[in-house]
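*Asks:* The structure follows.
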Amino acid sequence: MSHDDAGAPPAAPPWATSIDRRDHAKKLKQTRPDAGAKRVLDVDHVSIELRGKLIVDDVSFFIPKGEFVCLCGPNGAGTSTLLKAVMGLLTPTHGTIKILGDDPDRGHHRVGYVPQRKGYDRDFPARSVELITASLRGRWPVHVKEDEREKARAVLAKVGGEKLLDKPIAGLSGGETQRVFLARALVTDPALVILDEPTAGVDVKGRAELLALMAEISRSDELAAILVTHNLAAVAQTAERIVYLEGGKLLGWGLPDEMLGQSSLTALAFAGTDHARHKDEE
Amino acid sequence: MDWLTEPLSFGFMQRALYAGLAVSVVCAVIGIFVVQRGLAFLGDGLAHACFGGIAIGLYLGTDVENAVWMAIPFTVLIALGIGFVLRSSQLRGDVATGVFFSFSFALGILFLGLRSATARPVNVESLLFGSILAVSPGVLDVVLIVSVTALVVTLLLWSRLAYAIFDPELAAVSGVPVAALEYLLLGQTAVVIVVAVKTVGVVLVSSFIVIPAAAGRLIGSTMARATMWAVGFGAFGAAFGLIASYHLDVPTGATIILTQCACFGGALAFGRH
């Protein structure tokens with residue numbers, strides 16, 4: 001499973017959706033992205049040890065510009081640890097991670113992050129516009145300038161949340177919270193956006209809308225995206241490729257049809273998780 | 001106008017006003033972060049830790065006047081210890097503070113008991129309740145230097161501190177040094193509290209941290225506005241309480257705290273919550 005497995009495909013036409021591009025890749029049996037493509041994220045033989053325990057074990061993959069990748073694996077697979085390293089919060093024990101050629105701690109402004117566990121202080125006196133401006137500045141604003149306000153308004157409009165601009169964060173619903181956090185991730189014009197279980201806490205209808213929105217933004221902005229999810233429907237709806245980890249190792253990297261055809265993989269990665277709950281709800 | 005100028009014609013009242021304003025403003029600015037971080041009990045805990053430090057100073061032979069300054073390193077260590085427990089365990093802030101509070105206070109009582117029988121007796125009541133009217137020119141200088149320094153540092157770091165308090169993970173992803181800021185906030189709070197203990201005593205100092213900040217939170221719709229309201233309530237409480245206590249001839253520290261409580265009541269009644 002080296003980077004060089006994929007042959008050079010013909011020049012890609014402008015796809016209407018990332019799923020069209022995926023279908024094209026499927027026809028060409030292009031399991032891996034073009035090795036010569038510009039890499040937004042390059043994870044190269046990365047191992048991470050925490051407190052003497054190997055959590056991520058020699059993982060290599062890359063994400064080219066504009067590709068929507070689902071990072072999957074059962075609990076304890078090492079996905080969260082790997083994401084922390086991508087965001088510069090952990091340093092790999094071995095191997096390198098590059099974001100547009102830079103180390104993660106230098107490239108963090110190029111990464112937009114929508115966290116799974118909304119660990120923010122729900123009692124914090126703030127409005128959406130301040131949260132989005134904080135992402136823009138890298139610190140909390142005392143006063144939001146007019147141009148920052150316009151940027152926040154524009155990015156909220158992009159995610160269908162323009163009316164949320166001056167709404168207190170404490171009063172946001174689950175779906176509204178996700179839109180605001182998505183807006184704060186996008187406002188810095190990142191090259192890579194990390195979506196960690198973004199539909200957690202959102203109702204079924206809202207989930208489908210959010211996923212369609214994220215896939216659409218990724219396509220229209222040529223934005224590389226990593227979606228971490230246990231939701232099989234989300235993978236089928238959005239993924240151009242799947243990166244599958246288990247026990248810290250990379251067990252699969254390829255097209256969804258190839259990967260999801262492996263029953264052992266789907267059973268491990270999605271059983272008893274959001275997917276099962278999603279099925280029950282439907 | 002005489003109501004205002006007559007008490008301030010005395011030197012001790014002027015010093016009390018300056019000390020009260022300095023301590024209340026810096027405590028309000030720090031208090032916003034402490035309260036928002038869910039560490040309202042921290043002021044109380046560190047004030048009692050300060051008592052432990054003072055007792056160690058007395059055991060080592062210093063007088064009460066100077067033992068307070070010896071309490072600074074001890075109280076800072078306790079604050080950093082609370083921060084370490086918060087970061088390395090799942091314990092909540094009030095639990096971590098409670099453990100260190102008890103440890104320090106017990107240590108203080110132990111060291112007071114270990115002093116030789118011939119040592120000068122200590123007026124524990126003056127330590128516990130302090131006296132803002134007894135602030136000497138020398139103490140006022142220290143209070144002003146520490147308060148202004150802490151205020152400048154906190155205001156310079158305000159934006160990063162606020163982001164780190166809102167969501168440590170998001171702030172860290174944006175490049176904010178969350179752990180360093182948290183330790184700095186705790187250490188600085190410890191220093192300010194020791195200085196405040198010198199003016200208002202162990203028992204009342206936490207109210208300077210908690211009450212104006214809590215009232216500001218009830219009124220301010222943003223973190224910046226909440227901070228400004230907290231500063232206003234703190235300064236008003238110190239000035240009004242001091243002057244009122246003079247005219248009513250009642251204990252000053254208690255009058256300041258009751259004024260702050262009245263501000264909190266007003267914020268509760270008319271705030272945005």
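Please note that chains go A, B, ... in the order of the structure tokens, that every chain numbers its residues from 1, and that ligands are numbered from 1 in the order shown.
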Could you work out which residues of chain A fall inside 6 Å of chain B? Count only C-alpha atoms, and format the result as a VMD selection string.
*Replies:* chain A and resid 120 to 121 125 to 126 138 to 140 142
*Asks:* Could you write those residues out with all heavy atoms, as a PDB file, in the first residue's frame?
*Replies:*
```
ATOM      1  N   TYR A 120     -16.674  23.474  24.512  1.00  0.00           N
ATOM      2  CA  TYR A 120     -16.661  24.896  24.845  1.00  0.00           C
ATOM      3  C   TYR A 120     -17.531  25.171  26.067  1.00  0.00           C
ATOM      4  O   TYR A 120     -18.410  24.386  26.411  1.00  0.00           O
ATOM      5  CB  TYR A 120     -17.123  25.738  23.649  1.00  0.00           C
ATOM      6  CG  TYR A 120     -18.583  25.620  23.300  1.00  0.00           C
ATOM      7  CD1 TYR A 120     -19.511  26.497  23.826  1.00  0.00           C
ATOM      8  CD2 TYR A 120     -19.040  24.643  22.426  1.00  0.00           C
ATOM      9  CE1 TYR A 120     -20.844  26.413  23.505  1.00  0.00           C
ATOM     10  CE2 TYR A 120     -20.375  24.541  22.090  1.00  0.00           C
ATOM     11  CZ  TYR A 120     -21.276  25.427  22.631  1.00  0.00           C
ATOM     12  OH  TYR A 120     -22.602  25.316  22.322  1.00  0.00           O
ATOM     13  N   ASP A 121     -17.258  26.303  26.669  1.00  0.00           N
ATOM     14  CA  ASP A 121     -17.999  26.726  27.855  1.00  0.00           C
ATOM     15  C   ASP A 121     -19.362  27.265  27.407  1.00  0.00           C
ATOM     16  O   ASP A 121     -19.450  28.349  26.828  1.00  0.00           O
ATOM     17  CB  ASP A 121     -17.182  27.807  28.567  1.00  0.00           C
ATOM     18  CG  ASP A 121     -17.862  28.317  29.828  1.00  0.00           C
ATOM     19  OD1 ASP A 121     -19.020  27.932  30.075  1.00  0.00           O
ATOM     20  OD2 ASP A 121     -17.219  29.101  30.546  1.00  0.00           O
ATOM     21  N   PRO A 125     -20.212  34.254  27.830  1.00  0.00           N
ATOM     22  CA  PRO A 125     -20.985  35.340  27.225  1.00  0.00           C
ATOM     23  C   PRO A 125     -20.412  35.721  25.856  1.00  0.00           C
ATOM     24  O   PRO A 125     -19.442  36.467  25.790  1.00  0.00           O
ATOM     25  CB  PRO A 125     -20.837  36.482  28.235  1.00  0.00           C
ATOM     26  CG  PRO A 125     -19.551  36.214  28.936  1.00  0.00           C
ATOM     27  CD  PRO A 125     -19.327  34.729  28.915  1.00  0.00           C
ATOM     28  N   ALA A 126     -21.001  35.182  24.807  1.00  0.00           N
ATOM     29  CA  ALA A 126     -20.456  35.438  23.470  1.00  0.00           C
ATOM     30  C   ALA A 126     -21.525  35.209  22.418  1.00  0.00           C
ATOM     31  O   ALA A 126     -22.490  34.485  22.642  1.00  0.00           O
ATOM     32  CB  ALA A 126     -19.271  34.508  23.202  1.00  0.00           C
ATOM     33  N   GLY A 138      -7.137  34.206  15.931  1.00  0.00           N
ATOM     34  CA  GLY A 138      -6.334  33.340  16.797  1.00  0.00           C
ATOM     35  C   GLY A 138      -6.385  33.780  18.241  1.00  0.00           C
ATOM     36  O   GLY A 138      -5.641  33.301  19.087  1.00  0.00           O
ATOM     37  N   ARG A 139      -7.271  34.711  18.560  1.00  0.00           N
ATOM     38  CA  ARG A 139      -7.499  35.135  19.940  1.00  0.00           C
ATOM     39  C   ARG A 139      -8.892  35.743  20.036  1.00  0.00           C
ATOM     40  O   ARG A 139      -9.478  36.120  19.028  1.00  0.00           O
ATOM     41  CB  ARG A 139      -6.435  36.108  20.426  1.00  0.00           C
ATOM     42  CG  ARG A 139      -6.232  37.312  19.558  1.00  0.00           C
ATOM     43  CD  ARG A 139      -4.983  38.071  19.997  1.00  0.00           C
ATOM     44  NE  ARG A 139      -4.974  39.411  19.476  1.00  0.00           N
ATOM     45  CZ  ARG A 139      -4.529  39.738  18.281  1.00  0.00           C
ATOM     46  NH1 ARG A 139      -4.062  38.793  17.500  1.00  0.00           N
ATOM     47  NH2 ARG A 139      -4.557  40.980  17.859  1.00  0.00           N
ATOM     48  N   TRP A 140      -9.385  35.849  21.262  1.00  0.00           N
ATOM     49  CA  TRP A 140     -10.766  36.303  21.447  1.00  0.00           C
ATOM     50  C   TRP A 140     -10.862  37.820  21.228  1.00  0.00           C
ATOM     51  O   TRP A 140     -10.016  38.560  21.733  1.00  0.00           O
ATOM     52  CB  TRP A 140     -11.254  35.939  22.853  1.00  0.00           C
ATOM     53  CG  TRP A 140     -12.744  35.930  22.900  1.00  0.00           C
ATOM     54  CD1 TRP A 140     -13.570  36.932  23.303  1.00  0.00           C
ATOM     55  CD2 TRP A 140     -13.582  34.864  22.473  1.00  0.00           C
ATOM     56  NE1 TRP A 140     -14.880  36.546  23.143  1.00  0.00           N
ATOM     57  CE2 TRP A 140     -14.918  35.290  22.640  1.00  0.00           C
ATOM     58  CE3 TRP A 140     -13.347  33.590  21.949  1.00  0.00           C
ATOM     59  CZ2 TRP A 140     -16.010  34.478  22.319  1.00  0.00           C
ATOM     60  CZ3 TRP A 140     -14.420  32.794  21.627  1.00  0.00           C
ATOM     61  CH2 TRP A 140     -15.729  33.233  21.813  1.00  0.00           C
ATOM     62  N   VAL A 142     -11.945  41.669  21.646  1.00  0.00           N
ATOM     63  CA  VAL A 142     -12.579  42.622  22.562  1.00  0.00           C
ATOM     64  C   VAL A 142     -13.692  43.334  21.795  1.00  0.00           C
ATOM     65  O   VAL A 142     -14.784  43.551  22.301  1.00  0.00           O
ATOM     66  CB  VAL A 142     -11.542  43.653  23.072  1.00  0.00           C
ATOM     67  CG1 VAL A 142     -12.211  44.718  23.935  1.00  0.00           C
ATOM     68  CG2 VAL A 142     -10.445  42.951  23.865  1.00  0.00           C
TER      69      VAL A 142
END
```
*Asks:* Which residues are close to Thr154 in chain B, i.e. within 8 Å by only C-alpha atoms, leaving aside same-chain residues fewer than 3 positions away? Reply as a tab-separated table (two decimals) with N, CA and C atoms, in the first residue's frame.
*Replies:*
```tsv
chain	number	residue	atom	x	y	z
B	29	VAL	N	-10.85	41.90	37.17
B	29	VAL	CA	-10.37	41.48	35.85
B	29	VAL	C	-9.94	40.01	35.88
B	30	ILE	N	-9.21	39.63	36.94
B	30	ILE	CA	-8.80	38.22	37.08
B	30	ILE	C	-10.02	37.36	37.39
B	150	ALA	N	-0.03	43.09	37.70
B	150	ALA	CA	-0.95	41.99	37.38
B	150	ALA	C	-2.02	42.45	36.39
B	151	LEU	N	-2.48	43.69	36.55
B	151	LEU	CA	-3.51	44.22	35.66
B	151	LEU	C	-2.98	44.34	34.23
B	157	LEU	N	-2.83	39.83	27.99
B	157	LEU	CA	-3.13	38.44	27.61
B	157	LEU	C	-4.63	38.18	27.55
B	158	TRP	N	-5.43	39.21	27.73
B	158	TRP	CA	-6.88	39.05	27.86
B	158	TRP	C	-7.48	38.22	26.71
B	185	LEU	N	-2.29	32.37	34.95
B	185	LEU	CA	-3.48	32.94	35.60
B	185	LEU	C	-3.54	32.52	37.07
```
*Asks:* I'd like the neighbourhood of range 234-247 of chain B as a PyMOL selection string, where a residue qualifies if any of its atoms comes within 9 Å (using only C-alpha atoms), though same-chain residues fewer than 2 positions away should be ignored.
*Replies:* chain B and resi 3-4+7-8+13+16-18+20-28+132-133+208-209+211-213+229-232+249-263
*Asks:* Find the distance between CA of Gly43 in chain B and CA of Val205 in chain B and write it in Å to one decimal.
*Replies:*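 Distance reported for this atom pair: 7.0 Å.
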*Asks:* Please list as a list in words every residue within 9 Å of range 82-88 of chain A, counting only C-alpha atoms and excluding residues in the same chain fewer than 4 positions away.
*Replies:*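 Skipping anything fewer than 4 positions along the chain leaves Leu41, Val43, Val46, Ser47, Ile48, Ile55, Val56, Gly78, Pro92, Ile97, Lys98, Ile99, Asp103, Pro104, Asp105, Arg106, Gly107, His108, Val111, Tyr113, Ile194, Asp196 and Gly248 of chain A; Ala172, Val173 and Gly175 of chain B.
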*Asks:* I need the residues in range 73-262 of chain A that are strand (DSSP E or B) according to DSSP; give them as a ChimeraX atom specification.
*Replies:* /A:94-99,102,111-114,127,168,192-196,224-228,241-246,249-254
*Asks:* Could you give me, as CSV, a per-residue list for range 157-177 of chain A showing, wherever an atom lies at most 12 Å from an atom of range 215-236 of chain A, the closest pair of atoms and their distance in Å to one decimal, using only C-alpha atoms and sorting by chain then residue number from low to high?
*Replies:*
```
residue,atom,partner,partner_atom,distance
A:Lys158,CA,A:Ile217,CA,8.3
A:Val159,CA,A:Ile217,CA,8.5
A:Gly160,CA,A:Ile217,CA,11.5
```
*Asks:* Output C-alpha atoms for every residue in the selection just made, as an mmCIF file, in the first residue's frame.
*Replies:*
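The resulting out_35.cif:
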```cif
data_model
loop_
_atom_site.group_PDB
_atom_site.id
_atom_site.type_symbol
_atom_site.label_atom_id
_atom_site.label_comp_id
_atom_site.auth_asym_id
_atom_site.auth_seq_id
_atom_site.Cartn_x
_atom_site.Cartn_y
_atom_site.Cartn_z
ATOM 1 C CA LYS A 158 -22.268 29.972 3.023
ATOM 2 C CA VAL A 159 -23.295 27.396 5.627
ATOM 3 C CA GLY A 160 -26.906 28.603 5.708
#
```
*Asks:* Apply DSSP to the structure's backbone, then extract all residues of range 95-266 of chain A labelled alpha helix (DSSP H) and return them as a ChimeraX atom specification.
*Replies:* /A:104-107,128-137,146-158,174-186,204-220,232-238,256-260,263-266
*Asks:* Let me see the file: selected residues, C-alpha atoms, as a PDB file, in the first residue's frame.
*Replies:*
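And here is the file that came out, again-v7.pdb:
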```pdb
ATOM      1  CA  PRO A 104       1.524  21.130  11.468  1.00  0.00           C
ATOM      2  CA  ASP A 105       2.537  23.692  14.108  1.00  0.00           C
ATOM      3  CA  ARG A 106       3.419  26.133  11.308  1.00  0.00           C
ATOM      4  CA  GLY A 107       0.491  25.175   9.123  1.00  0.00           C
ATOM      5  CA  SER A 128     -21.487  33.626  16.980  1.00  0.00           C
ATOM      6  CA  VAL A 129     -19.742  36.597  15.374  1.00  0.00           C
ATOM      7  CA  GLU A 130     -17.175  36.679  18.198  1.00  0.00           C
ATOM      8  CA  LEU A 131     -16.481  32.941  17.974  1.00  0.00           C
ATOM      9  CA  ILE A 132     -15.891  33.213  14.222  1.00  0.00           C
ATOM     10  CA  THR A 133     -13.721  36.313  14.667  1.00  0.00           C
ATOM     11  CA  ALA A 134     -11.690  34.481  17.328  1.00  0.00           C
ATOM     12  CA  SER A 135     -10.878  31.825  14.736  1.00  0.00           C
ATOM     13  CA  LEU A 136      -9.873  34.536  12.271  1.00  0.00           C
ATOM     14  CA  ARG A 137      -7.568  36.316  14.749  1.00  0.00           C
ATOM     15  CA  GLU A 146     -16.650  45.852  10.490  1.00  0.00           C
ATOM     16  CA  ASP A 147     -14.582  43.862   7.950  1.00  0.00           C
ATOM     17  CA  GLU A 148     -14.402  40.915  10.364  1.00  0.00           C
ATOM     18  CA  ARG A 149     -18.140  41.119  10.855  1.00  0.00           C
ATOM     19  CA  GLU A 150     -18.662  41.017   7.091  1.00  0.00           C
ATOM     20  CA  LYS A 151     -16.384  37.986   6.768  1.00  0.00           C
ATOM     21  CA  ALA A 152     -18.298  36.242   9.557  1.00  0.00           C
ATOM     22  CA  ARG A 153     -21.599  37.108   7.883  1.00  0.00           C
ATOM     23  CA  ALA A 154     -20.379  35.803   4.509  1.00  0.00           C
ATOM     24  CA  VAL A 155     -19.102  32.502   5.887  1.00  0.00           C
ATOM     25  CA  LEU A 156     -22.269  32.002   7.930  1.00  0.00           C
ATOM     26  CA  ALA A 157     -24.308  32.656   4.768  1.00  0.00           C
ATOM     27  CA  LYS A 158     -22.268  29.972   3.023  1.00  0.00           C
ATOM     28  CA  GLY A 174     -27.591  21.372  17.933  1.00  0.00           C
ATOM     29  CA  GLY A 175     -27.822  22.002  14.192  1.00  0.00           C
ATOM     30  CA  GLU A 176     -27.153  25.739  14.577  1.00  0.00           C
ATOM     31  CA  THR A 177     -24.112  25.016  16.738  1.00  0.00           C
ATOM     32  CA  GLN A 178     -22.675  22.783  14.025  1.00  0.00           C
ATOM     33  CA  ARG A 179     -23.233  25.445  11.373  1.00  0.00           C
ATOM     34  CA  VAL A 180     -21.511  28.092  13.497  1.00  0.00           C
ATOM     35  CA  PHE A 181     -18.585  25.769  14.241  1.00  0.00           C
ATOM     36  CA  LEU A 182     -18.363  24.884  10.550  1.00  0.00           C
ATOM     37  CA  ALA A 183     -18.325  28.603   9.735  1.00  0.00           C
ATOM     38  CA  ARG A 184     -15.544  29.240  12.264  1.00  0.00           C
ATOM     39  CA  ALA A 185     -13.553  26.409  10.676  1.00  0.00           C
ATOM     40  CA  LEU A 186     -14.005  27.849   7.171  1.00  0.00           C
ATOM     41  CA  VAL A 204     -31.661  12.827  11.148  1.00  0.00           C
ATOM     42  CA  LYS A 205     -32.869  15.501   8.703  1.00  0.00           C
ATOM     43  CA  GLY A 206     -30.248  17.952   9.903  1.00  0.00           C
ATOM     44  CA  ARG A 207     -27.503  15.336   9.491  1.00  0.00           C
ATOM     45  CA  ALA A 208     -28.260  14.774   5.823  1.00  0.00           C
ATOM     46  CA  GLU A 209     -28.346  18.527   5.192  1.00  0.00           C
ATOM     47  CA  LEU A 210     -25.076  19.123   7.007  1.00  0.00           C
ATOM     48  CA  LEU A 211     -23.273  16.318   5.192  1.00  0.00           C
ATOM     49  CA  ALA A 212     -24.530  17.516   1.798  1.00  0.00           C
ATOM     50  CA  LEU A 213     -23.427  21.034   2.723  1.00  0.00           C
ATOM     51  CA  MET A 214     -19.942  19.911   3.748  1.00  0.00           C
ATOM     52  CA  ALA A 215     -19.463  17.837   0.605  1.00  0.00           C
ATOM     53  CA  GLU A 216     -20.664  20.776  -1.511  1.00  0.00           C
ATOM     54  CA  ILE A 217     -18.297  23.243   0.198  1.00  0.00           C
ATOM     55  CA  SER A 218     -15.398  20.841  -0.187  1.00  0.00           C
ATOM     56  CA  ARG A 219     -16.140  20.550  -3.902  1.00  0.00           C
ATOM     57  CA  SER A 220     -16.821  24.205  -4.649  1.00  0.00           C
ATOM     58  CA  LEU A 232     -22.017   4.472   7.399  1.00  0.00           C
ATOM     59  CA  ALA A 233     -24.645   6.641   5.703  1.00  0.00           C
ATOM     60  CA  ALA A 234     -22.365   9.666   6.074  1.00  0.00           C
ATOM     61  CA  VAL A 235     -19.507   7.763   4.447  1.00  0.00           C
ATOM     62  CA  ALA A 236     -21.658   6.587   1.543  1.00  0.00           C
ATOM     63  CA  GLN A 237     -23.003  10.125   1.060  1.00  0.00           C
ATOM     64  CA  THR A 238     -19.735  12.012   1.101  1.00  0.00           C
ATOM     65  CA  PRO A 256     -15.708   3.445  -0.695  1.00  0.00           C
ATOM     66  CA  ASP A 257     -17.132   0.614  -2.825  1.00  0.00           C
ATOM     67  CA  GLU A 258     -13.954  -1.389  -2.422  1.00  0.00           C
ATOM     68  CA  MET A 259     -13.641  -0.667   1.264  1.00  0.00           C
ATOM     69  CA  LEU A 260     -17.277  -1.008   2.290  1.00  0.00           C
ATOM     70  CA  SER A 263     -17.891  -6.964   5.652  1.00  0.00           C
ATOM     71  CA  SER A 264     -15.377  -7.333   8.492  1.00  0.00           C
ATOM     72  CA  LEU A 265     -14.408  -3.690   8.086  1.00  0.00           C
ATOM     73  CA  THR A 266     -17.944  -2.337   8.122  1.00  0.00           C
TER      74      THR A 266
END
```
*Asks:* Show which residues sit within 10 Å of range 54-62 of chain B, as a PyMOL selection string. Count only C-alpha atoms, and ignore same-chain residues fewer than 2 positions away.
*Replies:* chain B and resi 48-52+64-72+74-75+104-105+107-116+119-120+122+124+127+194
*Asks:* Interatomic distance between CA of Gly112 in chain A and CA of Glu162 in chain A?
*Replies:*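 Between these atoms lies a distance of 19.2 Å.
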